[in-house]
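Colleague: The structure under discussion is supplied below as structure tokens; questions concerning it will follow.
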There are 2 protein chains.
Amino acid sequence: MLDSLFSPKSIAIIGASRSPSKLGYSILYNLIESKYGGAIYPINPGADEILGYKAYPSLGDVPERVDLAVIVVPAKRVMEALNDCANNGVGAVIIISAGFRETGGEGLRLERQMAEIAEKHNMPIVGPNCVGVLDTIVPYNCTFATETMPKRGKMAFMSQSGALCVGILDVCIAQNIGFSRFVSLGNKAHLNELDFLQAWSNDDDSNVILAYLEGIVDGGRFISEARQITKKKPVIAIKSGTTSGGSRAVSSHTGTLAGSERAYEAAFKQAGIIRATSISELLDIGLGFARQPLPRGDRIAIITNAGGLGIMATDALEHKGLKLAALSPDTQERLRAALPEAASVLNPIDVLGDARSDRYKLALEAALADENVDLVLVILTPQVMTDVDNIANFMADAAESQPADSRKPVVACFVGEASLKEAYRIFSERSIPGYPTPERAAVVIKSMVQQAQWAKEPLPQFERFDVDRDKVARIFEKVRAEGRVQIGDAESRDILTAYGIRIPKSKLCTTADEAVAYADEIGYPVVMKIASPDILHKTDVGGVRVGLDSPSEVRDAFDLMVYRAQKYQPNAQIWGCLVQEMMRGGKEVITGMNRDPQFGPLVMFGLGGIYVEVLKDVSFRVAPFDRKEAMAMIQEIRSYGLLRGVRGEPPADLDAVADVLLRLSQLVTDFPEIVEMDINPLMVFEKGRGAVGVDMRLILQS
Amino acid sequence: MLDSLFSPKSIAIIGASRSPSKLGYSILYNLIESKYGGAIYPINPGADEILGYKAYPSLGDVPERVDLAVIVVPAKRVMEALNDCANNGVGAVIIISAGFRETGGEGLRLERQMAEIAEKHNMPIVGPNCVGVLDTIVPYNCTFATETMPKRGKMAFMSQSGALCVGILDVCIAQNIGFSRFVSLGNKAHLNELDFLQAWSNDDDSNVILAYLEGIVDGGRFISEARQITKKKPVIAIKSGTTSGGSRAVSSHTGTLAGSERAYEAAFKQAGIIRATSISELLDIGLGFARQPLPRGDRIAIITNAGGLGIMATDALEHKGLKLAALSPDTQERLRAALPEAASVLNPIDVLGDARSDRYKLALEAALADENVDLVLVILTPQVMTDVDNIANFMADAAESQPADSRKPVVACFVGEASLKEAYRIFSERSIPGYPTPERAAVVIKSMVQQAQWAKEPLPQFERFDVDRDKVARIFEKVRAEGRVQIGDAESRDILTAYGIRIPKSKLCTTADEAVAYADEIGYPVVMKIASPDILHKTDVGGVRVGLDSPSEVRDAFDLMVYRAQKYQPNAQIWGCLVQEMMRGGKEVITGMNRDPQFGPLVMFGLGGIYVEVLKDVSFRVAPFDRKEAMAMIQEIRSYGLLRGVRGEPPADLDAVADVLLRLSQLVTDFPEIVEMDINPLMVFEKGRGAVGVDMRLILQS
């Protein structure tokens, strides 16, 4: 679909200008400078020739069909130019011009028109309000971001901020960091992040995809598509604007704890997208993937000529949850035989401050040959004797000369700058990722290990339970018919039951005798609650009693609750009392859902009570998710140890909890009208004994 | 004391060499290149002249007294050279030569001799095993780390890793980052980190002190001295080797949770040392302090020409717990009048992508003039219209032209590299700290705000309680006389009481009648425990009963416990039963102490039970500490909310907890023989009702 964008045979610049202060000049100039090999057509009704190229009054005057058109005219003339493109069979369009969505509703309306034109004419549009697109493979530079083309490389990049494109290109040109494709997304009137993810997932010229995003157009679809793409190709993204809260008022625990940042965190995790926290981290991680293969495990060997840096690297790797390889006895022997006595042949391998390239070469070859090693980090400071450039070249030789089917990644951390310019140039030419501090290298290594793990894991296997969906639909219809959005107690129990979630045994009893009889049947103690559609806050009218231990207590409670309810709320319709099995001996957990504006149903899990309220110790996933993800949700809370069993307690029934999470996932996916819900508490019993949803609140879309 | 080191009038190089491959050549060469203004004396018995300087056979042949001698001879000749220095009245010595402590016990012995010589002759020694010392103020370069002198600047630096010195100098020379003094500490045979902290605390040429440390020589003294120094001058340090655990087996909760990393974290906090996590963070933060004044508060204004970067900066600042300033209406008005309509006059101030220096100047002046602003962060990407260098210069003008007594710091974040080289050069010349990403700038700003806050706070005010120290001393004597290291139940209670920590009312009763009488006196329910010096695990023999509610239960319990104890352990001496007030309605917290090899008594605080065991939610301080620090300890645990009161519960008596922590601090400071202890649980009641130490275990040095 994006062929015209990424392999155009001809490019027209609509709004090309002879005035060097105009963007229409910059873009034409940059395109020419980029050594684009196809035809270039400046479009300008007032010029015959610009920068040595024949100019045309309009697209219709160009002698051939144009593959790619760049629109850089004032906002009010953009739609006309776009229609011209459509009518002249242009393949794809980049709209540089600003003045649309960002200026208000009329701009948004025009963007919708752009999308319609794009779809109707099968003519994809980048922008508007962007700095353009640059491609080192074609090559072409249709941006006003840089006059200098960056180096060709294996990273594809997209950004929702044009200014950031400028900054990043400026960094990468200085540091000799290469790109394959470079897209400024602008307002995303038509093409958005997902389109480029899809296009680049099959692009042999790009090993890794980088993105700077401020929002995502279609969250649900994004997750399901992205998670397939990331299995094949790493995707690293910055999501900014993480600290701004949502705007809708919320009333559930889940709603209070959810929020845009939690949703993105969950969504990126589920989509297999690696999250970068800064521009430099984005580029660092990108370089690792662009330049080296994935490791097969997480066992890392370090080679260093500086003990202190070896320690710092070990700290940094361990902080990331990575571990140092235990070198094989053979490797240790080989190193001991060849290195000076004071050297360390354990990991980190310390080749000492006076090491020259021979020692580095030997140590690197030994580490790469060791079957206990999955990745090698080579650390260096430029000391008096250090022949830095040779070492850089030897590293590349060793990395390249590995058997193609079992290459282990090699990462460099050369600390310094003035003496290392040539080494870093060698790294960039010879495809070694190099970082100025151990901490930055550790972040990259962590991402490489994580991606390798992710790529091996199968896609989620969604289960569908056999549930009574119609029953829930009928309940919702009834609730809406009554003009309500809150779901009451009795209705909640029916919903949970319909979706196969166990609830306490209970019965609505209309007389004290009936209550006693039912309590006798299910066994003491019991819980009793006043049953009335009109009383929302039962405890306020003394309408909840727990731990009732005998027939007489049940009888007293019945009469007292009915009496008080009538007294406090004389007009309330009183159905009787709900008599309920009292759940004991379980652990209270909480689960719930809040509908995120970007990603939809965001399901929460946590331990009940103070763990949620004070410690905010909860985890999130976007529904639907599979059993493995449900289990991961349970295990990633900090207080997970309490469920696994401490102090000789038996472990809780985690399978049952996962089951509830999955059924909940199905419920909120089946019914988009559920905007918020909590099951609180969900009582979990010991392994094999299940979990019971004791109380639920649910709010429908108003 | 370090005058000879930091203002030497003459320098001798003992072991100066004519061979360019020798360190004795490099150091002399570098010294000459550094344009040192004093006399230079190469010492070499086999040369008349080296590098154009007259060489002397020995120190005794030099015509004047030498201020500073650099020893760079093989290890086995170092002591002789050092004695020569001492005998010739040398002022200070740098020992470059390696081959001491790092090679084993004999080397350590020689280092001890060095220290003795240094003390006896009042001749401070740097090293051995170091890359030397460099000083841009004098100036001189007695290192083999660099031939090029770094720029003169306001940062003083010390490092325990020589290789790191090399790497850092190489970075700083490339980035035009200046130093005042630069010391490679080496093995710290004599001078250590504290000596340099003290020397530089009064050094007008150094605004900030940076350190890379792998260990600290005298932890207790370090904290008490450093906390005074950091009030006057910021100290930033990397402590590496943080993931290695201690070696002594531990048996208390506190011991299990403590460890080297926790001790350093607490010690640095108490000493006011800002901890950097990487070399680049160390330099970043150092630059901030070196180049700008401290802010007076934490209200930050952002100016940007890139919306996306403004968002990222806001995220980064908020993640660090900082807040954006609310610009005054006047400032907003002033900006609105002058900036284009599309600009944002709220914070971040967005001057738009086409902003030139006039807009930046205006915005910066307005922000600096706003009384709601304490610090301004100026962000830029080099876009088509951006006159970067003018903006850099205007920034410096605006920063400098503030009234001297109320200067606000200005920090730059210019994102890019190829187009920004001149701007960063301007920053370095004109004393503006500049960073390539918002995240790095945010770390620096956080440190500046934190240091300003720290500088304002008074030094700790240590309280001493009136305690019965002699009684505890007698108990410890008795325990040791009996060959024990564990402190028993009755003894524990006496210790807590002697230090004014409340314990439950209790009495050792020898008959059932006496037990009933005492229970009647203190009120039911009570706890009873078998009292025997021979029974360590009371619960194993049914020797602990709680919740005894009536005289008959107490009588039964007495007889049963005595009977069973005799049955299970027939040889045990049975004193009777301890009858104890049962503590109810409080919250269980835990406190304890573990003696850290580096810093001494490390006191822990946390919530009891699973909070400690599963969540490891605890805080640490090195004793002694004051009430403010004790309160901070309580407040920094994640579950602090539970003590403050949730769900309508009354707040716990935090003053009483702080009191216990302080009394404990005094106890473990008074008695260095205590190696480990727990008070678990310490029951805390609601505000005003105090705290009671229910159980304690204590282990003495064996």
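Chain labels run A, B, ... following the order of the structure tokens; each chain numbers its residues from 1, and ligands are numbered from 1 in the order shown.
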Could you make a table, as a Markdown table, of the residues of chain B that have an atom within 7 Å of an atom of chain A, each with its nearest atom pair and distance in Å to one decimal, counting only C-alpha atoms, in chain and number order?
Modeller:
```
| residue | atom | partner | partner_atom | distance |
| --- | --- | --- | --- | --- |
| B:Ala145 | CA | A:Gln383 | CA | 6.8 |
| B:Ser161 | CA | A:Gly308 | CA | 5.6 |
| B:Ala163 | CA | A:Ala306 | CA | 5.3 |
| B:Leu164 | CA | A:Gly308 | CA | 6.9 |
| B:Val166 | CA | A:Gln383 | CA | 6.4 |
| B:Gly167 | CA | A:Gly416 | CA | 4.3 |
| B:Ile168 | CA | A:Gly416 | CA | 6.0 |
| B:Asp170 | CA | A:Gly416 | CA | 4.7 |
| B:Val171 | CA | A:Gly416 | CA | 4.5 |
| B:Ile173 | CA | A:Ala418 | CA | 6.4 |
| B:Ala174 | CA | A:Ala418 | CA | 4.7 |
| B:Ser240 | CA | A:Met312 | CA | 5.6 |
| B:Gly241 | CA | A:Ile311 | CA | 5.5 |
| B:Thr242 | CA | A:Asp315 | CA | 6.3 |
| B:Thr243 | CA | A:Asp315 | CA | 5.8 |
| B:Ser278 | CA | A:Glu439 | CA | 6.5 |
| B:Ile279 | CA | A:Thr437 | CA | 6.8 |
| B:Ala306 | CA | A:Ala163 | CA | 5.3 |
| B:Gly308 | CA | A:Ser161 | CA | 5.6 |
| B:Ile311 | CA | A:Gly241 | CA | 5.5 |
| B:Met312 | CA | A:Ser240 | CA | 5.6 |
| B:Asp315 | CA | A:Thr243 | CA | 5.8 |
| B:Gly353 | CA | A:Ala163 | CA | 7.0 |
| B:Thr381 | CA | A:Gly167 | CA | 5.2 |
| B:Pro382 | CA | A:Gly167 | CA | 6.5 |
| B:Gln383 | CA | A:Val166 | CA | 6.4 |
| B:Val415 | CA | A:Gly167 | CA | 5.2 |
| B:Gly416 | CA | A:Gly167 | CA | 4.3 |
| B:Glu417 | CA | A:Val171 | CA | 4.5 |
| B:Ala418 | CA | A:Ala174 | CA | 4.7 |
| B:Ser419 | CA | A:Asp170 | CA | 6.6 |
| B:Thr437 | CA | A:Ile279 | CA | 6.8 |
| B:Glu439 | CA | A:Ser278 | CA | 6.5 |
| B:Val614 | CA | A:Gly641 | CA | 5.8 |
| B:Leu615 | CA | A:Ser639 | CA | 6.0 |
| B:Arg638 | CA | A:Leu615 | CA | 6.5 |
| B:Ser639 | CA | A:Leu615 | CA | 6.1 |
| B:Gly641 | CA | A:Val614 | CA | 5.8 |
| B:Leu642 | CA | A:Val614 | CA | 7.0 |
```
Colleague: Run DSSP on the backbone and give me the residues of segment 399-434 of chain B it puts in helix (DSSP H, G or I), as JSON, numbers by chain.
Modeller: {"B": [399, 400, 404, 405, 406, 418, 419, 420, 421, 422, 423, 424, 425, 426, 427, 428, 429, 430]}
Colleague: Quick one: pull the distance between atom CA of Ser180 of chain B and atom CA of Asp397 of chain B, Å, one decimal.
Modeller: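 Taking atom CA of Ser180 of chain B as the start and atom CA of Asp397 of chain B as the end point, the length is 24.3 Å.
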Colleague: Using only C-alpha atoms, which protein or nucleic acid residues come within 7 Å of segment 121-130 of chain A? Drop anything in the same chain fewer than 2 positions from it, and give the result as a tab-separated table (two decimals) with all heavy atoms, in the first residue's frame.
Modeller:
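Contents of part.tsv, freshly written:
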```tsv
chain	number	residue	atom	x	y	z
A	86	ALA	N	-5.50	13.73	-6.34
A	86	ALA	CA	-6.42	12.60	-6.53
A	86	ALA	C	-6.83	12.50	-8.00
A	86	ALA	O	-6.84	11.41	-8.58
A	86	ALA	CB	-7.65	12.80	-5.63
A	90	VAL	N	-2.12	10.55	-8.50
A	90	VAL	CA	-0.90	10.50	-7.67
A	90	VAL	C	-0.96	9.28	-6.75
A	90	VAL	O	-2.02	8.88	-6.28
A	90	VAL	CB	-0.78	11.81	-6.86
A	90	VAL	CG1	0.23	11.67	-5.73
A	90	VAL	CG2	-0.41	12.97	-7.78
A	91	GLY	N	0.20	8.67	-6.49
A	91	GLY	CA	0.25	7.44	-5.69
A	91	GLY	C	0.16	7.68	-4.20
A	91	GLY	O	-0.49	6.92	-3.48
A	92	ALA	N	0.85	8.71	-3.71
A	92	ALA	CA	0.84	9.00	-2.27
A	92	ALA	C	1.16	10.47	-2.08
A	92	ALA	O	1.78	11.09	-2.95
A	92	ALA	CB	1.87	8.15	-1.54
A	93	VAL	N	0.72	11.03	-0.92
A	93	VAL	CA	0.88	12.47	-0.69
A	93	VAL	C	1.47	12.72	0.69
A	93	VAL	O	1.11	12.03	1.65
A	93	VAL	CB	-0.48	13.19	-0.81
A	93	VAL	CG1	-0.34	14.68	-0.50
A	93	VAL	CG2	-1.08	12.98	-2.20
A	94	ILE	N	2.37	13.67	0.76
A	94	ILE	CA	2.85	14.17	2.06
A	94	ILE	C	2.37	15.60	2.18
A	94	ILE	O	2.71	16.44	1.34
A	94	ILE	CB	4.39	14.14	2.13
A	94	ILE	CG1	4.92	12.72	1.91
A	94	ILE	CG2	4.88	14.72	3.45
A	94	ILE	CD1	6.42	12.66	1.65
A	95	ILE	N	1.57	15.88	3.21
A	95	ILE	CA	1.11	17.26	3.41
A	95	ILE	C	1.93	17.89	4.53
A	95	ILE	O	1.80	17.53	5.70
A	95	ILE	CB	-0.40	17.32	3.75
A	95	ILE	CG1	-1.21	16.58	2.67
A	95	ILE	CG2	-0.86	18.78	3.88
A	95	ILE	CD1	-2.71	16.56	2.93
A	96	ILE	N	2.79	18.82	4.14
A	96	ILE	CA	3.65	19.51	5.11
A	96	ILE	C	2.85	20.60	5.82
A	96	ILE	O	2.99	20.80	7.03
A	96	ILE	CB	4.83	20.20	4.36
A	96	ILE	CG1	5.64	19.18	3.54
A	96	ILE	CG2	5.69	20.99	5.32
A	96	ILE	CD1	6.50	18.25	4.34
A	97	SER	N	1.99	21.29	5.07
A	97	SER	CA	1.29	22.48	5.56
A	97	SER	C	0.61	22.25	6.90
A	97	SER	O	0.01	21.20	7.14
A	97	SER	CB	0.23	22.90	4.54
A	97	SER	OG	0.74	22.77	3.23
A	98	ALA	N	0.67	23.25	7.78
A	98	ALA	CA	0.00	23.20	9.07
A	98	ALA	C	-1.28	24.01	8.99
A	98	ALA	O	-1.58	24.61	7.95
A	98	ALA	CB	0.90	23.74	10.16
A	117	ILE	N	-10.75	11.29	0.95
A	117	ILE	CA	-10.14	11.35	-0.38
A	117	ILE	C	-9.08	10.27	-0.52
A	117	ILE	O	-9.01	9.56	-1.53
A	117	ILE	CB	-9.52	12.76	-0.60
A	117	ILE	CG1	-10.62	13.82	-0.64
A	117	ILE	CG2	-8.68	12.78	-1.88
A	117	ILE	CD1	-10.10	15.26	-0.59
A	118	ALA	N	-8.27	10.13	0.54
A	118	ALA	CA	-7.20	9.12	0.50
A	118	ALA	C	-7.77	7.74	0.27
A	118	ALA	O	-7.29	6.97	-0.57
A	118	ALA	CB	-6.41	9.16	1.82
A	119	GLU	N	-8.83	7.41	1.01
A	119	GLU	CA	-9.42	6.08	0.91
A	119	GLU	C	-10.05	5.88	-0.46
A	119	GLU	O	-9.89	4.83	-1.09
A	119	GLU	CB	-10.47	5.88	2.02
A	119	GLU	CG	-9.86	5.67	3.41
A	119	GLU	CD	-8.95	4.45	3.48
A	119	GLU	OE1	-9.33	3.39	2.95
A	119	GLU	OE2	-7.82	4.57	4.05
A	132	GLY	N	7.83	16.10	7.02
A	132	GLY	CA	8.08	15.34	5.80
A	132	GLY	C	8.63	13.94	6.03
A	132	GLY	O	8.60	13.42	7.14
A	162	GLY	N	7.28	16.89	14.99
A	162	GLY	CA	8.19	17.28	13.90
A	162	GLY	C	9.48	17.84	14.45
A	162	GLY	O	10.57	17.55	13.94
A	184	SER	N	7.83	11.83	9.59
A	184	SER	CA	7.18	12.73	10.53
A	184	SER	C	5.67	12.53	10.37
A	184	SER	O	5.11	12.80	9.31
A	184	SER	CB	7.59	14.17	10.18
A	184	SER	OG	6.78	15.10	10.84
A	185	LEU	N	5.02	12.02	11.40
A	185	LEU	CA	3.61	11.63	11.27
A	185	LEU	C	2.65	12.81	11.19
A	185	LEU	O	1.55	12.69	10.64
A	185	LEU	CB	3.19	10.75	12.45
A	185	LEU	CG	3.85	9.36	12.56
A	185	LEU	CD1	3.55	8.75	13.92
A	185	LEU	CD2	3.33	8.44	11.45
A	186	GLY	N	3.02	13.92	11.79
A	186	GLY	CA	2.11	15.07	11.80
A	186	GLY	C	0.81	14.75	12.50
A	186	GLY	O	0.79	14.01	13.48
A	187	ASN	N	-0.28	15.28	11.93
A	187	ASN	CA	-1.59	15.11	12.60
A	187	ASN	C	-2.25	13.75	12.35
A	187	ASN	O	-3.33	13.50	12.86
A	187	ASN	CB	-2.55	16.21	12.13
A	187	ASN	CG	-2.13	17.58	12.63
A	187	ASN	OD1	-1.14	17.71	13.35
A	187	ASN	ND2	-2.89	18.60	12.24
A	188	LYS	N	-1.64	12.93	11.55
A	188	LYS	CA	-2.17	11.59	11.29
A	188	LYS	C	-3.60	11.59	10.76
A	188	LYS	O	-4.43	10.82	11.21
A	188	LYS	CB	-2.08	10.71	12.55
A	188	LYS	CG	-0.68	10.66	13.15
A	188	LYS	CD	-0.52	9.58	14.21
A	188	LYS	CE	-1.26	9.89	15.48
A	188	LYS	NZ	-0.81	9.03	16.62
A	189	ALA	N	-3.90	12.51	9.83
A	189	ALA	CA	-5.24	12.57	9.25
A	189	ALA	C	-5.58	11.25	8.57
A	189	ALA	O	-6.71	10.78	8.62
A	189	ALA	CB	-5.34	13.71	8.24
A	190	HIS	N	-4.62	10.62	7.93
A	190	HIS	CA	-4.88	9.35	7.26
A	190	HIS	C	-3.94	8.26	7.75
A	190	HIS	O	-4.34	7.39	8.50
A	190	HIS	CB	-4.79	9.52	5.72
A	190	HIS	CG	-5.08	8.27	4.98
A	190	HIS	ND1	-4.22	7.76	4.03
A	190	HIS	CD2	-6.12	7.41	5.07
A	190	HIS	CE1	-4.74	6.63	3.57
A	190	HIS	NE2	-5.88	6.40	4.18
A	191	LEU	N	-2.69	8.30	7.36
A	191	LEU	CA	-1.75	7.26	7.82
A	191	LEU	C	-1.37	7.51	9.27
A	191	LEU	O	-1.10	8.64	9.67
A	191	LEU	CB	-0.47	7.27	6.97
A	191	LEU	CG	-0.63	6.85	5.50
A	191	LEU	CD1	0.71	7.00	4.77
A	191	LEU	CD2	-1.16	5.42	5.38
```
Colleague: Hey, what's within 6 Å of segment 373-379 of chain B if we count only C-alpha atoms and toss same-chain stuff fewer than 3 positions away? As a count of residues only, please?
Modeller: 18
Colleague: Give the strand (DSSP E or B) residues of segment 219-351 of chain B, as DSSP finds them on the backbone, and put them as a list in words.
Modeller: Val235, Ile236, Ala237, Ile238, Lys239, Ile274, Arg275, Arg299, Ile300, Ala301, Ile302, Ile303, Thr304, Lys323, Leu324, Ser344, Ile349 and Asp350 of chain B
Colleague: Pull C-alpha atoms from the residues just selected and write them as a short mmCIF file (atom, residue, chain, number, x, y, z; two decimals), in the first residue's frame.
Modeller:
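See selection-v9.cif below for the written result:
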```cif
data_model
loop_
_atom_site.label_atom_id
_atom_site.label_comp_id
_atom_site.auth_asym_id
_atom_site.auth_seq_id
_atom_site.Cartn_x
_atom_site.Cartn_y
_atom_site.Cartn_z
CA VAL B 235 28.93 16.62 47.01
CA ILE B 236 27.93 14.15 44.29
CA ALA B 237 29.13 10.57 44.41
CA ILE B 238 28.96 7.30 42.58
CA LYS B 239 29.22 4.31 44.87
CA ILE B 274 23.80 13.27 46.22
CA ARG B 275 24.11 9.85 44.68
CA ARG B 299 8.89 25.99 40.84
CA ILE B 300 10.20 25.44 37.35
CA ALA B 301 9.38 27.32 34.15
CA ILE B 302 9.99 25.67 30.79
CA ILE B 303 10.52 27.53 27.51
CA THR B 304 10.52 25.44 24.33
CA LYS B 323 6.37 20.79 39.72
CA LEU B 324 5.91 23.36 37.03
CA SER B 344 1.41 28.86 24.62
CA ILE B 349 5.90 28.34 27.33
CA ASP B 350 5.85 27.23 23.69
#
```
Colleague: At a cut-off of 6 Å, using only C-alpha atoms, what residues contact Glu676 of chain A? Leave out same-chain residues fewer than 5 positions from it and give the result as number ranges by chain.
Modeller: A: 593-594, 698-699
Colleague: If we count only C-alpha atoms, what is near Glu49 of chain B at a cut-off of 12 Å, once residues fewer than 5 positions away on the same chain are taken out, given as a list in words?
Modeller: Ala16, Ser17, Arg18, Leu28, Ile40, Tyr41, Pro42, Ile43, Asn44, Lys54, Ala55, Tyr56 and Pro57 of chain B
Colleague: Could you name the residues that touch segment 507-521 of chain B at 10 Å or less, counting only C-alpha atoms, but leaving out those on the same chain fewer than 2 positions away, as a PyMOL selection string?
Modeller: chain B and resi 490+504-505+523-531+548-559+562+574-581
Colleague: Report, in Å to a single decimal, how far apart atom CA of Ile637 of chain B and atom CA of Glu463 of chain B are.
Modeller: 23.6 Å
Colleague: Atom CA of Ile14 of chain A and atom CA of Arg77 of chain A, how far apart in Å?
Modeller: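 Pair atom CA of Arg77 of chain A / atom CA of Ile14 of chain A returns 10.5 Å.
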Colleague: Given the choices B:Leu496, B:Leu5, B:Leu110, B:Ile445, which gets closest to Val66 of chain B if the distance is worked out from only C-alpha atoms?
Modeller: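 For Val66 of chain B, the nearest of the given residues is B:Leu5.
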